[in-house]
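Visitor: my_file.pdb is the file, holding PDB, C-alpha atoms:
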ATOM      1  CA  MET A   3       0.000   0.000   0.000
ATOM      2  CA  ASP A   4       2.752   2.440   0.791
ATOM      3  CA  THR A   5       4.105   2.375  -2.766
ATOM      4  CA  ALA A   6       0.866   2.604  -4.716
ATOM      5  CA  PRO A   7       1.012   5.168  -7.527
ATOM      6  CA  GLU A   8      -1.574   7.902  -7.578
ATOM      7  CA  ALA A   9      -4.372   7.518 -10.086
ATOM      8  CA  PRO A  10      -3.835   9.734 -13.149
ATOM      9  CA  VAL A  11      -6.138  12.706 -13.638
ATOM     10  CA  PRO A  12      -8.423  12.094 -16.643
ATOM     11  CA  THR A  13      -7.897  14.363 -19.653
ATOM     12  CA  GLY A  14      -9.900  17.557 -19.415
ATOM     13  CA  THR A  15     -10.425  17.468 -15.639
ATOM     14  CA  GLY A  16      -7.628  19.889 -14.767
ATOM     15  CA  HIS A  17      -4.024  19.710 -13.648
ATOM     16  CA  PRO A  18      -2.614  16.901 -11.478
ATOM     17  CA  ARG A  19      -2.847  17.471  -7.773
ATOM     18  CA  ARG A  20       0.010  19.460  -6.348
ATOM     19  CA  PRO A  21       2.186  17.659  -3.808
ATOM     20  CA  LEU A  22       1.690  18.641  -0.208
ATOM     21  CA  PRO A  23       4.389  20.923   1.227
ATOM     22  CA  PRO A  24       7.165  19.326   3.334
ATOM     23  CA  SER A  25       5.691  21.020   6.400
ATOM     24  CA  VAL A  26       2.881  18.436   6.315
ATOM     25  CA  ASN A  27       5.462  15.631   6.504
ATOM     26  CA  LEU A  28       7.141  17.374   9.444
ATOM     27  CA  VAL A  29       3.847  17.813  11.304
ATOM     28  CA  CYS A  30       2.980  14.131  10.768
ATOM     29  CA  LEU A  31       6.457  13.173  11.997
ATOM     30  CA  ALA A  32       6.106  15.344  15.112
ATOM     31  CA  LEU A  33       2.656  13.949  15.938
ATOM     32  CA  THR A  34       3.866  10.381  15.450
ATOM     33  CA  PHE A  35       6.913  11.044  17.611
ATOM     34  CA  PHE A  36       4.626  12.263  20.389
ATOM     35  CA  SER A  37       2.152   9.389  20.066
ATOM     36  CA  THR A  38       4.938   6.771  20.059
ATOM     37  CA  LEU A  39       6.643   8.566  22.940
ATOM     38  CA  VAL A  40       3.497   8.218  25.044
ATOM     39  CA  ALA A  41       3.024   4.612  23.880
ATOM     40  CA  GLY A  42       6.603   3.793  24.875
ATOM     41  CA  ALA A  43       6.168   5.414  28.274
ATOM     42  CA  LEU A  44       2.961   3.439  28.757
ATOM     43  CA  MET A  45       4.816   0.197  28.009
ATOM     44  CA  THR A  46       7.458   0.966  30.629
ATOM     45  CA  GLY A  47       7.099   0.258  34.329
ATOM     46  CA  GLY A  48       4.387  -2.378  34.147
ATOM     47  CA  ASN A  49       1.662  -0.085  32.802
ATOM     48  CA  THR A  50      -1.350  -1.610  31.116
ATOM     49  CA  LEU A  51      -3.844  -0.386  28.542
ATOM     50  CA  SER A  52      -6.248   0.807  31.204
ATOM     51  CA  GLY A  53      -7.612   4.320  30.881
ATOM     52  CA  GLU A  54      -6.282   5.107  34.348
ATOM     53  CA  ASP A  55      -2.676   4.359  33.341
ATOM     54  CA  LEU A  56      -3.053   6.267  30.087
ATOM     55  CA  LEU A  57      -4.338   9.385  31.841
ATOM     56  CA  ARG A  58      -1.582   9.129  34.426
ATOM     57  CA  VAL A  59       1.132   8.969  31.749
ATOM     58  CA  LEU A  60      -0.403  11.792  29.724
ATOM     59  CA  GLY A  61      -0.545  13.953  32.828
ATOM     60  CA  ASP A  62       3.092  13.329  33.747
ATOM     61  CA  PRO A  63       5.404  14.714  31.004
ATOM     62  CA  GLY A  64       8.410  13.645  33.067
ATOM     63  CA  SER A  65       7.480  10.005  32.457
ATOM     64  CA  TRP A  66       7.627  10.475  28.678
ATOM     65  CA  VAL A  67      11.432  10.249  28.742
ATOM     66  CA  ALA A  68      11.054   6.512  29.349
ATOM     67  CA  GLY A  69       9.346   6.257  25.964
ATOM     68  CA  LEU A  70      12.291   7.650  23.989
ATOM     69  CA  PRO A  71      13.957   4.289  23.155
ATOM     70  CA  TYR A  72      10.690   2.923  21.819
ATOM     71  CA  ALA A  73       9.793   6.072  19.869
ATOM     72  CA  PHE A  74      13.209   6.336  18.214
ATOM     73  CA  SER A  75      13.168   2.606  17.390
ATOM     74  CA  VAL A  76       9.747   2.757  15.746
ATOM     75  CA  LEU A  77      10.604   5.853  13.729
ATOM     76  CA  ALA A  78      13.927   4.315  12.652
ATOM     77  CA  ILE A  79      12.297   1.095  11.401
ATOM     78  CA  LEU A  80       9.356   2.774   9.658
ATOM     79  CA  GLY A  81      11.593   5.524   8.323
ATOM     80  CA  ALA A  82      14.091   3.026   6.894
ATOM     81  CA  HIS A  83      11.278   1.158   5.146
ATOM     82  CA  GLU A  84       9.831   4.253   3.502
ATOM     83  CA  MET A  85      13.194   5.807   2.675
ATOM     84  CA  GLY A  86      14.122   2.560   0.950
ATOM     85  CA  HIS A  87      11.165   3.118  -1.386
ATOM     86  CA  TYR A  88      11.866   6.829  -1.727
ATOM     87  CA  LEU A  89      15.553   6.459  -2.602
ATOM     88  CA  ALA A  90      14.752   3.726  -5.123
ATOM     89  CA  CYS A  91      12.234   6.077  -6.729
ATOM     90  CA  ARG A  92      14.872   8.801  -6.867
ATOM     91  CA  TYR A  93      17.320   6.363  -8.471
ATOM     92  CA  TYR A  94      14.839   5.606 -11.253
ATOM     93  CA  ARG A  95      13.735   9.264 -11.483
ATOM     94  CA  ILE A  96      10.167   8.420 -10.549
ATOM     95  CA  GLU A  97       8.461  11.234  -8.687
ATOM     96  CA  ALA A  98       7.487  10.321  -5.109
ATOM     97  CA  THR A  99       6.675  12.151  -1.897
ATOM     98  CA  LEU A 100       8.713  12.132   1.256
ATOM     99  CA  PRO A 101       7.425   9.699   3.928
ATOM    100  CA  PHE A 102       4.239  10.507   5.814
ATOM    101  CA  PHE A 103       4.277   9.085   9.367
ATOM    102  CA  LEU A 104       0.827   8.276  10.731
ATOM    103  CA  PRO A 105       0.138   8.747  14.463
ATOM    104  CA  GLY A 106      -2.417   6.417  15.983
ATOM    105  CA  PRO A 107      -4.352   6.098  19.257
ATOM    106  CA  ASN A 108      -3.413   2.448  19.672
ATOM    107  CA  LEU A 109      -0.966   0.232  21.564
ATOM    108  CA  PHE A 110       1.930   1.131  19.245
ATOM    109  CA  GLY A 111       1.138   4.826  18.890
ATOM    110  CA  THR A 112       1.167   4.673  15.091
ATOM    111  CA  PHE A 113      -0.592   3.344  12.039
ATOM    112  CA  GLY A 114       2.715   3.110  10.180
ATOM    113  CA  ALA A 115       4.048   5.309   7.402
ATOM    114  CA  LEU A 116       3.705   5.671   3.657
ATOM    115  CA  ILE A 117       4.929   7.458   0.573
ATOM    116  CA  ARG A 118       2.942   8.360  -2.528
ATOM    117  CA  ILE A 119       4.411   7.601  -5.944
ATOM    118  CA  ARG A 120       3.245  10.306  -8.322
ATOM    119  CA  ALA A 121       4.293   8.769 -11.637
ATOM    120  CA  PRO A 122       3.912   5.374 -13.361
ATOM    121  CA  PHE A 123       6.566   2.710 -12.874
ATOM    122  CA  THR A 124       8.912   2.858 -15.847
ATOM    123  CA  ASP A 125       9.563  -0.872 -16.214
ATOM    124  CA  ARG A 126       9.474  -4.183 -14.340
ATOM    125  CA  ARG A 127      12.989  -3.723 -12.993
ATOM    126  CA  ALA A 128      12.112  -0.388 -11.420
ATOM    127  CA  LEU A 129       8.869  -1.887 -10.092
ATOM    128  CA  PHE A 130      10.735  -4.758  -8.446
ATOM    129  CA  ASP A 131      13.534  -2.636  -7.009
ATOM    130  CA  ILE A 132      11.168  -0.041  -5.549
ATOM    131  CA  GLY A 133       8.959  -2.754  -4.082
ATOM    132  CA  VAL A 134      11.763  -4.768  -2.457
ATOM    133  CA  ALA A 135      13.806  -1.791  -1.182
ATOM    134  CA  GLY A 136      11.377  -0.888   1.604
ATOM    135  CA  PRO A 137      10.921  -4.284   3.298
ATOM    136  CA  LEU A 138      14.637  -5.085   3.079
ATOM    137  CA  ALA A 139      15.662  -1.731   4.582
ATOM    138  CA  GLY A 140      13.089  -1.984   7.372
ATOM    139  CA  PHE A 141      14.038  -5.576   8.161
ATOM    140  CA  VAL A 142      17.774  -4.776   8.322
ATOM    141  CA  VAL A 143      17.129  -1.921  10.775
ATOM    142  CA  ALA A 144      14.642  -3.965  12.835
ATOM    143  CA  MET A 145      17.018  -6.865  13.501
ATOM    144  CA  PRO A 146      19.586  -5.102  15.761
ATOM    145  CA  ILE A 147      16.711  -3.396  17.590
ATOM    146  CA  LEU A 148      15.131  -6.823  18.075
ATOM    147  CA  PHE A 149      18.306  -8.311  19.569
ATOM    148  CA  TYR A 150      18.768  -5.279  21.819
ATOM    149  CA  GLY A 151      15.164  -5.493  23.001
ATOM    150  CA  LEU A 152      15.500  -9.178  23.815
ATOM    151  CA  ALA A 153      18.784  -8.580  25.646
ATOM    152  CA  GLN A 154      17.031  -5.966  27.801
ATOM    153  CA  SER A 155      14.015  -8.198  28.493
ATOM    154  CA  THR A 156      13.760 -10.431  31.561
ATOM    155  CA  ALA A 157      12.165 -13.792  32.311
ATOM    156  CA  THR A 158       9.797 -13.879  35.272
ATOM    157  CA  ARG A 159       7.407 -16.207  37.076
ATOM    158  CA  GLU A 160       5.082 -13.400  38.123
ATOM    159  CA  ALA A 161       1.474 -13.701  37.007
ATOM    160  CA  LEU A 162       0.383 -11.458  34.166
ATOM    161  CA  GLN A 163      -1.494  -8.359  35.259
ATOM    162  CA  PRO A 164      -4.964  -7.643  33.793
ATOM    163  CA  GLY A 165      -4.604  -5.522  30.671
ATOM    164  CA  THR A 166      -1.170  -6.926  29.775
ATOM    165  CA  ILE A 167      -0.563  -7.329  26.035
ATOM    166  CA  VAL A 168       1.025 -10.576  24.828
ATOM    167  CA  LEU A 169       2.762 -10.121  21.471
ATOM    168  CA  THR A 170       2.351 -13.350  19.545
ATOM    169  CA  PRO A 171       5.458 -14.778  17.841
ATOM    170  CA  CYS A 172       6.458 -15.578  14.285
ATOM    171  CA  LEU A 173       8.842 -18.320  13.132
ATOM    172  CA  LEU A 174      11.815 -15.981  13.450
ATOM    173  CA  LEU A 175      10.984 -15.137  17.070
ATOM    174  CA  GLU A 176      10.307 -18.777  17.923
ATOM    175  CA  ALA A 177      13.833 -19.605  16.733
ATOM    176  CA  ILE A 178      15.467 -16.690  18.582
ATOM    177  CA  TYR A 179      13.701 -16.874  21.973
ATOM    178  CA  PRO A 180      15.597 -19.966  23.292
ATOM    179  CA  ARG A 181      18.921 -18.179  22.726
ATOM    180  CA  PHE A 182      17.909 -15.510  25.233
ATOM    181  CA  PHE A 183      15.576 -17.227  27.719
ATOM    182  CA  ASP A 184      15.072 -20.608  29.364
ATOM    183  CA  LEU A 185      11.320 -20.757  28.917
ATOM    184  CA  GLY A 186      10.115 -23.431  31.322
ATOM    185  CA  PRO A 187       6.642 -23.970  32.785
ATOM    186  CA  GLU A 188       4.928 -20.862  34.170
ATOM    187  CA  VAL A 189       7.735 -18.647  32.875
ATOM    188  CA  SER A 190       6.864 -15.487  30.978
ATOM    189  CA  VAL A 191       9.056 -12.729  29.564
ATOM    190  CA  GLN A 192       8.764  -9.100  30.564
ATOM    191  CA  LEU A 193       9.575  -7.565  27.211
ATOM    192  CA  HIS A 194      11.464  -4.319  26.783
ATOM    193  CA  PRO A 195       9.631  -1.597  24.806
ATOM    194  CA  THR A 196      12.251  -1.705  22.052
ATOM    195  CA  PHE A 197      11.243  -5.329  21.461
ATOM    196  CA  ALA A 198       7.701  -4.084  20.818
ATOM    197  CA  ALA A 199       9.139  -1.674  18.237
ATOM    198  CA  ALA A 200      10.985  -4.527  16.527
ATOM    199  CA  TRP A 201       7.869  -6.728  16.683
ATOM    200  CA  LEU A 202       5.931  -3.953  14.956
ATOM    201  CA  GLY A 203       8.691  -3.767  12.344
ATOM    202  CA  LEU A 204       8.492  -7.508  11.659
ATOM    203  CA  PHE A 205       4.707  -7.290  11.459
ATOM    204  CA  ALA A 206       4.873  -4.380   8.999
ATOM    205  CA  THR A 207       7.481  -6.218   6.936
ATOM    206  CA  SER A 208       5.355  -9.362   6.619
ATOM    207  CA  LEU A 209       2.227  -7.346   5.873
ATOM    208  CA  ASN A 210       3.899  -5.379   3.099
ATOM    209  CA  LEU A 211       5.442  -8.527   1.600
ATOM    210  CA  LEU A 212       2.043 -10.145   1.067
ATOM    211  CA  PRO A 213       1.812 -10.927  -2.687
ATOM    212  CA  ILE A 214      -1.490  -9.094  -3.006
ATOM    213  CA  GLY A 215      -2.516  -6.095  -5.086
ATOM    214  CA  GLN A 216      -0.158  -3.145  -4.855
ATOM    215  CA  LEU A 217       1.554  -4.118  -1.629
ATOM    216  CA  ASP A 218       5.339  -4.400  -1.839
ATOM    217  CA  GLY A 219       5.027  -8.161  -2.282
ATOM    218  CA  GLY A 220       2.485  -7.515  -5.013
ATOM    219  CA  HIS A 221       4.944  -5.224  -6.800
ATOM    220  CA  MET A 222       7.640  -7.881  -6.587
ATOM    221  CA  LEU A 223       5.405 -10.727  -7.774
ATOM    222  CA  TYR A 224       4.028  -8.711 -10.690
ATOM    223  CA  ALA A 225       7.581  -7.826 -11.751
ATOM    224  CA  VAL A 226       8.524 -11.517 -11.643
ATOM    225  CA  SER A 227       5.350 -12.777 -13.346
ATOM    226  CA  PRO A 228       2.234 -10.693 -14.139
ATOM    227  CA  ARG A 229       0.277 -13.895 -14.796
ATOM    228  CA  ALA A 230       1.205 -15.372 -11.408
ATOM    229  CA  HIS A 231       0.248 -12.089  -9.735
ATOM    230  CA  ALA A 232      -3.240 -12.217 -11.229
ATOM    231  CA  ILE A 233      -3.805 -15.673  -9.715
ATOM    232  CA  VAL A 234      -1.977 -15.360  -6.396
ATOM    233  CA  SER A 235      -3.306 -11.902  -5.597
ATOM    234  CA  ARG A 236      -6.939 -12.986  -5.868
ATOM    235  CA  ALA A 237      -6.394 -16.254  -4.034
ATOM    236  CA  GLY A 238      -4.280 -14.492  -1.407
ATOM    237  CA  VAL A 239      -7.267 -12.609  -0.019
ATOM    238  CA  LEU A 240      -9.151 -15.859   0.571
ATOM    239  CA  VAL A 241      -6.086 -17.607   2.014
ATOM    240  CA  LEU A 242      -5.470 -14.670   4.355
ATOM    241  CA  CYS A 243      -9.024 -14.826   5.714
ATOM    242  CA  ALA A 244      -8.873 -18.623   6.036
ATOM    243  CA  LEU A 245      -5.593 -18.514   7.958
ATOM    244  CA  GLY A 246      -7.005 -15.830  10.226
ATOM    245  CA  LEU A 247     -10.021 -17.950  11.115
ATOM    246  CA  LEU A 248      -7.884 -21.071  11.542
ATOM    247  CA  PHE A 249      -5.199 -19.565  13.811
ATOM    248  CA  GLY A 250      -7.179 -16.867  15.598
ATOM    249  CA  GLY A 251      -5.557 -14.162  13.512
ATOM    250  CA  TYR A 252      -8.414 -11.713  13.387
ATOM    251  CA  HIS A 253      -6.071  -9.058  12.023
ATOM    252  CA  LEU A 254      -5.563 -11.295   8.971
ATOM    253  CA  VAL A 255      -9.315 -11.427   8.367
ATOM    254  CA  LEU A 256      -9.490  -7.642   8.711
ATOM    255  CA  PHE A 257      -6.681  -7.094   6.222
ATOM    256  CA  GLY A 258      -8.084  -9.720   3.873
ATOM    257  CA  VAL A 259     -11.406  -7.891   3.717
ATOM    258  CA  LEU A 260      -9.599  -4.560   3.346
ATOM    259  CA  PHE A 261      -7.465  -5.784   0.444
ATOM    260  CA  ALA A 262     -10.515  -7.304  -1.229
ATOM    261  CA  PHE A 263     -12.183  -3.899  -1.015
ATOM    262  CA  LEU A 264      -9.125  -1.989  -2.279
ATOM    263  CA  GLY A 265      -8.666  -4.381  -5.179
ATOM    264  CA  THR A 266      -6.222  -7.102  -6.125
ATOM    265  CA  ARG A 267      -5.169  -5.841  -9.548
ATOM    266  CA  HIS A 268      -1.852  -4.213 -10.358
ATOM    267  CA  PRO A 269      -1.279  -1.464 -12.956
ATOM    268  CA  ARG A 270       1.095  -2.263 -15.801
ATOM    269  CA  PRO A 271       4.439  -0.436 -15.862
ATOM    270  CA  LEU A 272       5.241   1.576 -18.990
ATOM    271  CA  ASP A 273       7.623  -1.177 -20.131
ATOM    272  CA  ASP A 274       6.000  -4.509 -19.318
ATOM    273  CA  LEU A 275       8.387  -6.647 -21.395
ATOM    274  CA  THR A 276      11.873  -6.115 -19.950
ATOM    275  CA  PRO A 277      12.757  -9.312 -18.016
ATOM    276  CA  LEU A 278      14.297  -9.355 -14.569
ATOM    277  CA  SER A 279      17.898 -10.307 -13.971
ATOM    278  CA  ARG A 280      18.883 -13.531 -12.201
ATOM    279  CA  GLY A 281      19.998 -11.501  -9.191
ATOM    280  CA  ARG A 282      16.517 -10.018  -8.835
ATOM    281  CA  HIS A 283      14.967 -13.489  -8.965
ATOM    282  CA  ILE A 284      17.303 -14.530  -6.136
ATOM    283  CA  LEU A 285      16.307 -11.398  -4.224
ATOM    284  CA  ALA A 286      12.657 -12.346  -4.724
ATOM    285  CA  VAL A 287      13.359 -15.679  -3.009
ATOM    286  CA  VAL A 288      15.074 -13.798  -0.158
ATOM    287  CA  GLY A 289      11.975 -11.636   0.178
ATOM    288  CA  LEU A 290       9.791 -14.744   0.298
ATOM    289  CA  VAL A 291      11.951 -16.259   3.064
ATOM    290  CA  ILE A 292      11.753 -13.040   5.093
ATOM    291  CA  PHE A 293       7.977 -13.008   4.628
ATOM    292  CA  VAL A 294       7.609 -16.593   5.891
ATOM    293  CA  LEU A 295       9.896 -15.945   8.893
ATOM    294  CA  CYS A 296       8.104 -12.725   9.886
ATOM    295  CA  PHE A 297       4.509 -13.772   9.224
ATOM    296  CA  ILE A 298       2.467 -13.500  12.436
ATOM    297  CA  PRO A 299      -0.641 -15.726  12.209
ATOM    298  CA  THR A 300      -2.164 -15.030  15.636
ATOM    299  CA  THR A 301      -3.507 -11.703  16.854
ATOM    300  CA  PRO A 302      -1.854 -10.282  20.020
ATOM    301  CA  GLN A 303      -3.828 -11.135  23.147
ATOM    302  CA  VAL A 304      -4.938  -8.962  26.061
ATOM    303  CA  PHE A 305      -5.037 -10.566  29.520
TER     304      PHE A 305
END
Is it possible to express this structure as structure tokens?
Guide:
Amino acid sequence: MDTAPEAPVPTGTGHPRRPLPPSVNLVCLALTFFSTLVAGALMTGGNTLSGEDLLRVLGDPGSWVAGLPYAFSVLAILGAHEMGHYLACRYYRIEATLPFFLPGPNLFGTFGALIRIRAPFTDRRALFDIGVAGPLAGFVVAMPILFYGLAQSTATREALQPGTIVLTPCLLLEAIYPRFFDLGPEVSVQLHPTFAAAWLGLFATSLNLLPIGQLDGGHMLYAVSPRAHAIVSRAGVLVLCALGLLFGGYHLVLFGVLFAFLGTRHPRPLDDLTPLSRGRHILAVVGLVIFVLCFIPTTPQVF
């Protein structure tokens, strides 16, 4: 979604929409920094999602300092993802906006970030490179933050407090956890806020790598094979909903319905014939592996 080109203005309807001034990007960045700062402070010190804790944190600006590691981590991961797209667009001289960060009144303090591509993709190579640049950049930045967050987390036998959020794992996390913790019976992990930032980064990476529509994975699949994209993109919506119902991943059902509404087709680049290099095919396999490792099938739980 974050790399979808804007629809062209039909002939005779006027000039194309002017890009928003950079001040809008800065305001969005400032609002997202504040919302993630509060979210990070709320995650620190055993706070829960209760309205009482939220009001207490909002009313105590001194406590916001504790949210700085989380806020900077989230902005770094999301910013790396979007700047990967943006710089790839610049390389191919395709007009695109600077990233827009989206604040959100939710657990993570954000709804992510996006750029708008204001010109058609020139060819399949540009389409692939722009699509893959974001997830790879975000994943590379998320990994050291993930290891730092796990190193700062602690195992405990204390019972979970009401309102505690349990971030469900992916295959990558399942493989990494035993290297940091001895998870025996009745043992839980008190996760550091920077881990939550990395978890959000892995979630965003897997979501964007879905081979559906104009998501990053959709860009990559269309560049590899337009015919395969037409089949996989349509089936992907149904598979996403089915997996959500099977594994309790209600977020998958939500996104499946959303993608079905937005559409599963992909616009053709100006040059739809230029084949991809062998290196790009290998990179597509790398993207698929990252998607499988980061895919989170179960929705986070609230105790």
Visitor: Need the shell around His283 of chain A: protein/DNA/RNA residues with any atom at most 12 Å away, counting all atoms listed in the file. Skip same-chain ones fewer than 2 positions apart. Format as JSON, numbers by chain?
Guide: {"A": [127, 130, 131, 134, 222, 223, 225, 226, 227, 277, 278, 279, 280, 281, 285, 286, 287, 288, 289, 290]}
Visitor: Considering only C-alpha atoms, state which residue in the set A:Asp274, A:Glu84, A:Asp184, A:Glu176 is at the smallest distance from Phe297 of chain A.
Guide: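 Residue with the minimum atom-to-atom distance to Phe297 of chain A: A:Glu176.
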Visitor: Considering all atoms listed in the file, state which residue in the set A:Arg236, A:His194, A:Arg267, A:His87 is at the smallest distance from Gly140 of chain A.
Guide: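 Using all atoms listed in the file, Gly140 of chain A sits closest to A:His87.
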Visitor: If you apply the PyMOL selection byres ((chain A and resi 119) around 6) to this file, what residues do you get, as a PyMOL selection string?
Guide: chain A and resi 7+98+118+120-121
Visitor: May I have the residues within 8 Å of Pro271 of chain A as a ChimeraX atom specification, using all atoms listed in the file and disregarding those fewer than 6 positions away in the same chain?
Guide: /A:122-126,129
Visitor: Could you jot down the atom CA of Ala135 of chain A to atom CA of Cys91 of chain A separation for me, Å, one decimal place?
Guide: 9.8 Å
Visitor: Can you tell me, as a PyMOL selection string, what residues are no more than 8 Å from segment 143-145 of chain A when counting all atoms listed in the file, ignoring any on the same chain fewer than 4 positions away?
Guide: chain A and resi 78-79+82+139+149+200+203-204
Visitor: Here's the selection I'm unsure about, the PyMOL selection byres ((chain A and resi 208) around 12); applied to the file above, which residues does it give, as number ranges by chain?
Guide: A: 136-138, 140-141, 172-174, 201-207, 209-214, 217-219, 254, 289-299
Visitor: Which one is closest to Phe182 of chain A: A:Gln154, A:Thr170, A:Asn27, A:Thr196? Count all atoms listed in the file.
Guide: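 Residue with the minimum atom-to-atom distance to Phe182 of chain A: A:Gln154.
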Visitor: Could you give me the centre and size, in Å to one decimal, of an axis-aligned box around all listed atoms of segment 271-290 of chain A with 5 Å added on every side, as lines of an AutoDock Vina configuration file?
Guide:
center_x = 12.2
center_y = -7.1
center_z = -10.5
size_x = 25.6
size_y = 27.3
size_z = 31.7
Visitor: Hey, which of A:Leu28, A:Val234, A:Ala244, A:Leu22 ends up closest to Phe257 of chain A? Count only C-alpha atoms.
Guide: A:Ala244
Visitor: Do you have the atom CA of Ala32 of chain A-atom CA of Val67 of chain A distance handy?
Guide: 15.5 Å
Visitor: Which residues fall under the PyMOL selection byres ((chain A and resi 106-115) around 9) in this file, as JSON, numbers by chain?
Guide: {"A": [4, 34, 35, 36, 37, 38, 39, 40, 41, 42, 44, 45, 51, 73, 76, 80, 81, 83, 84, 101, 102, 103, 104, 105, 116, 117, 167, 198, 199, 202, 206]}
Visitor: To one decimal place, how far is atom CA of Pro228 of chain A from atom CA of Gly215 of chain A in Å?
Guide: 11.2 Å
Visitor: Which residue, A:Cys243, A:Leu152, A:Leu193, A:Leu89, has the smallest gap to Arg181 of chain A when you use all atoms listed in the file?
Guide: A:Leu152
Visitor: Just want the 7 Å neighbourhood of Gln192 of chain A, counted on only C-alpha atoms, with same-chain residues fewer than 6 positions away dropped. Output as a list in words.
Guide: Ser155, Thr156, Ala157 and Thr158 of chain A
Visitor: Which is closest to Val241 of chain A among A:Asp273, A:Gly258, A:Asp55, A:Arg229, if we use all atoms listed in the file?
Guide: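 For Val241 of chain A, the nearest of the given residues is A:Gly258.
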Visitor: Just add N, CA and C atoms to segment 29-43 of chain A and send it as a PDB file, keeping the file's coordinate frame.
Guide:
ATOM      1  N   VAL A  29       4.913  17.849  10.292  1.00  0.00           N
ATOM      2  CA  VAL A  29       3.847  17.813  11.304  1.00  0.00           C
ATOM      3  C   VAL A  29       3.456  16.370  11.604  1.00  0.00           C
ATOM      4  N   CYS A  30       3.315  15.545  10.565  1.00  0.00           N
ATOM      5  CA  CYS A  30       2.980  14.131  10.768  1.00  0.00           C
ATOM      6  C   CYS A  30       4.072  13.434  11.570  1.00  0.00           C
ATOM      7  N   LEU A  31       5.338  13.760  11.266  1.00  0.00           N
ATOM      8  CA  LEU A  31       6.457  13.173  11.997  1.00  0.00           C
ATOM      9  C   LEU A  31       6.416  13.578  13.466  1.00  0.00           C
ATOM     10  N   ALA A  32       6.148  14.868  13.736  1.00  0.00           N
ATOM     11  CA  ALA A  32       6.106  15.344  15.112  1.00  0.00           C
ATOM     12  C   ALA A  32       4.967  14.690  15.889  1.00  0.00           C
ATOM     13  N   LEU A  33       3.803  14.572  15.265  1.00  0.00           N
ATOM     14  CA  LEU A  33       2.656  13.949  15.938  1.00  0.00           C
ATOM     15  C   LEU A  33       2.924  12.467  16.214  1.00  0.00           C
ATOM     16  N   THR A  34       3.563  11.797  15.256  1.00  0.00           N
ATOM     17  CA  THR A  34       3.866  10.381  15.450  1.00  0.00           C
ATOM     18  C   THR A  34       4.931  10.197  16.517  1.00  0.00           C
ATOM     19  N   PHE A  35       5.904  11.120  16.558  1.00  0.00           N
ATOM     20  CA  PHE A  35       6.913  11.044  17.611  1.00  0.00           C
ATOM     21  C   PHE A  35       6.256  11.176  18.984  1.00  0.00           C
ATOM     22  N   PHE A  36       5.309  12.092  19.100  1.00  0.00           N
ATOM     23  CA  PHE A  36       4.626  12.263  20.389  1.00  0.00           C
ATOM     24  C   PHE A  36       3.785  11.034  20.736  1.00  0.00           C
ATOM     25  N   SER A  37       3.027  10.529  19.770  1.00  0.00           N
ATOM     26  CA  SER A  37       2.152   9.389  20.066  1.00  0.00           C
ATOM     27  C   SER A  37       2.966   8.141  20.410  1.00  0.00           C
ATOM     28  N   THR A  38       4.094   7.930  19.726  1.00  0.00           N
ATOM     29  CA  THR A  38       4.938   6.771  20.059  1.00  0.00           C
ATOM     30  C   THR A  38       5.696   7.001  21.362  1.00  0.00           C
ATOM     31  N   LEU A  39       5.997   8.251  21.667  1.00  0.00           N
ATOM     32  CA  LEU A  39       6.643   8.566  22.940  1.00  0.00           C
ATOM     33  C   LEU A  39       5.738   8.188  24.102  1.00  0.00           C
ATOM     34  N   VAL A  40       4.464   8.561  23.996  1.00  0.00           N
ATOM     35  CA  VAL A  40       3.497   8.218  25.044  1.00  0.00           C
ATOM     36  C   VAL A  40       3.289   6.709  25.090  1.00  0.00           C
ATOM     37  N   ALA A  41       3.209   6.067  23.906  1.00  0.00           N
ATOM     38  CA  ALA A  41       3.024   4.612  23.880  1.00  0.00           C
ATOM     39  C   ALA A  41       4.205   3.912  24.537  1.00  0.00           C
ATOM     40  N   GLY A  42       5.422   4.397  24.262  1.00  0.00           N
ATOM     41  CA  GLY A  42       6.603   3.793  24.875  1.00  0.00           C
ATOM     42  C   GLY A  42       6.636   3.984  26.375  1.00  0.00           C
ATOM     43  N   ALA A  43       6.227   5.161  26.831  1.00  0.00           N
ATOM     44  CA  ALA A  43       6.168   5.414  28.274  1.00  0.00           C
ATOM     45  C   ALA A  43       5.122   4.528  28.935  1.00  0.00           C
TER      46      ALA A  43
END
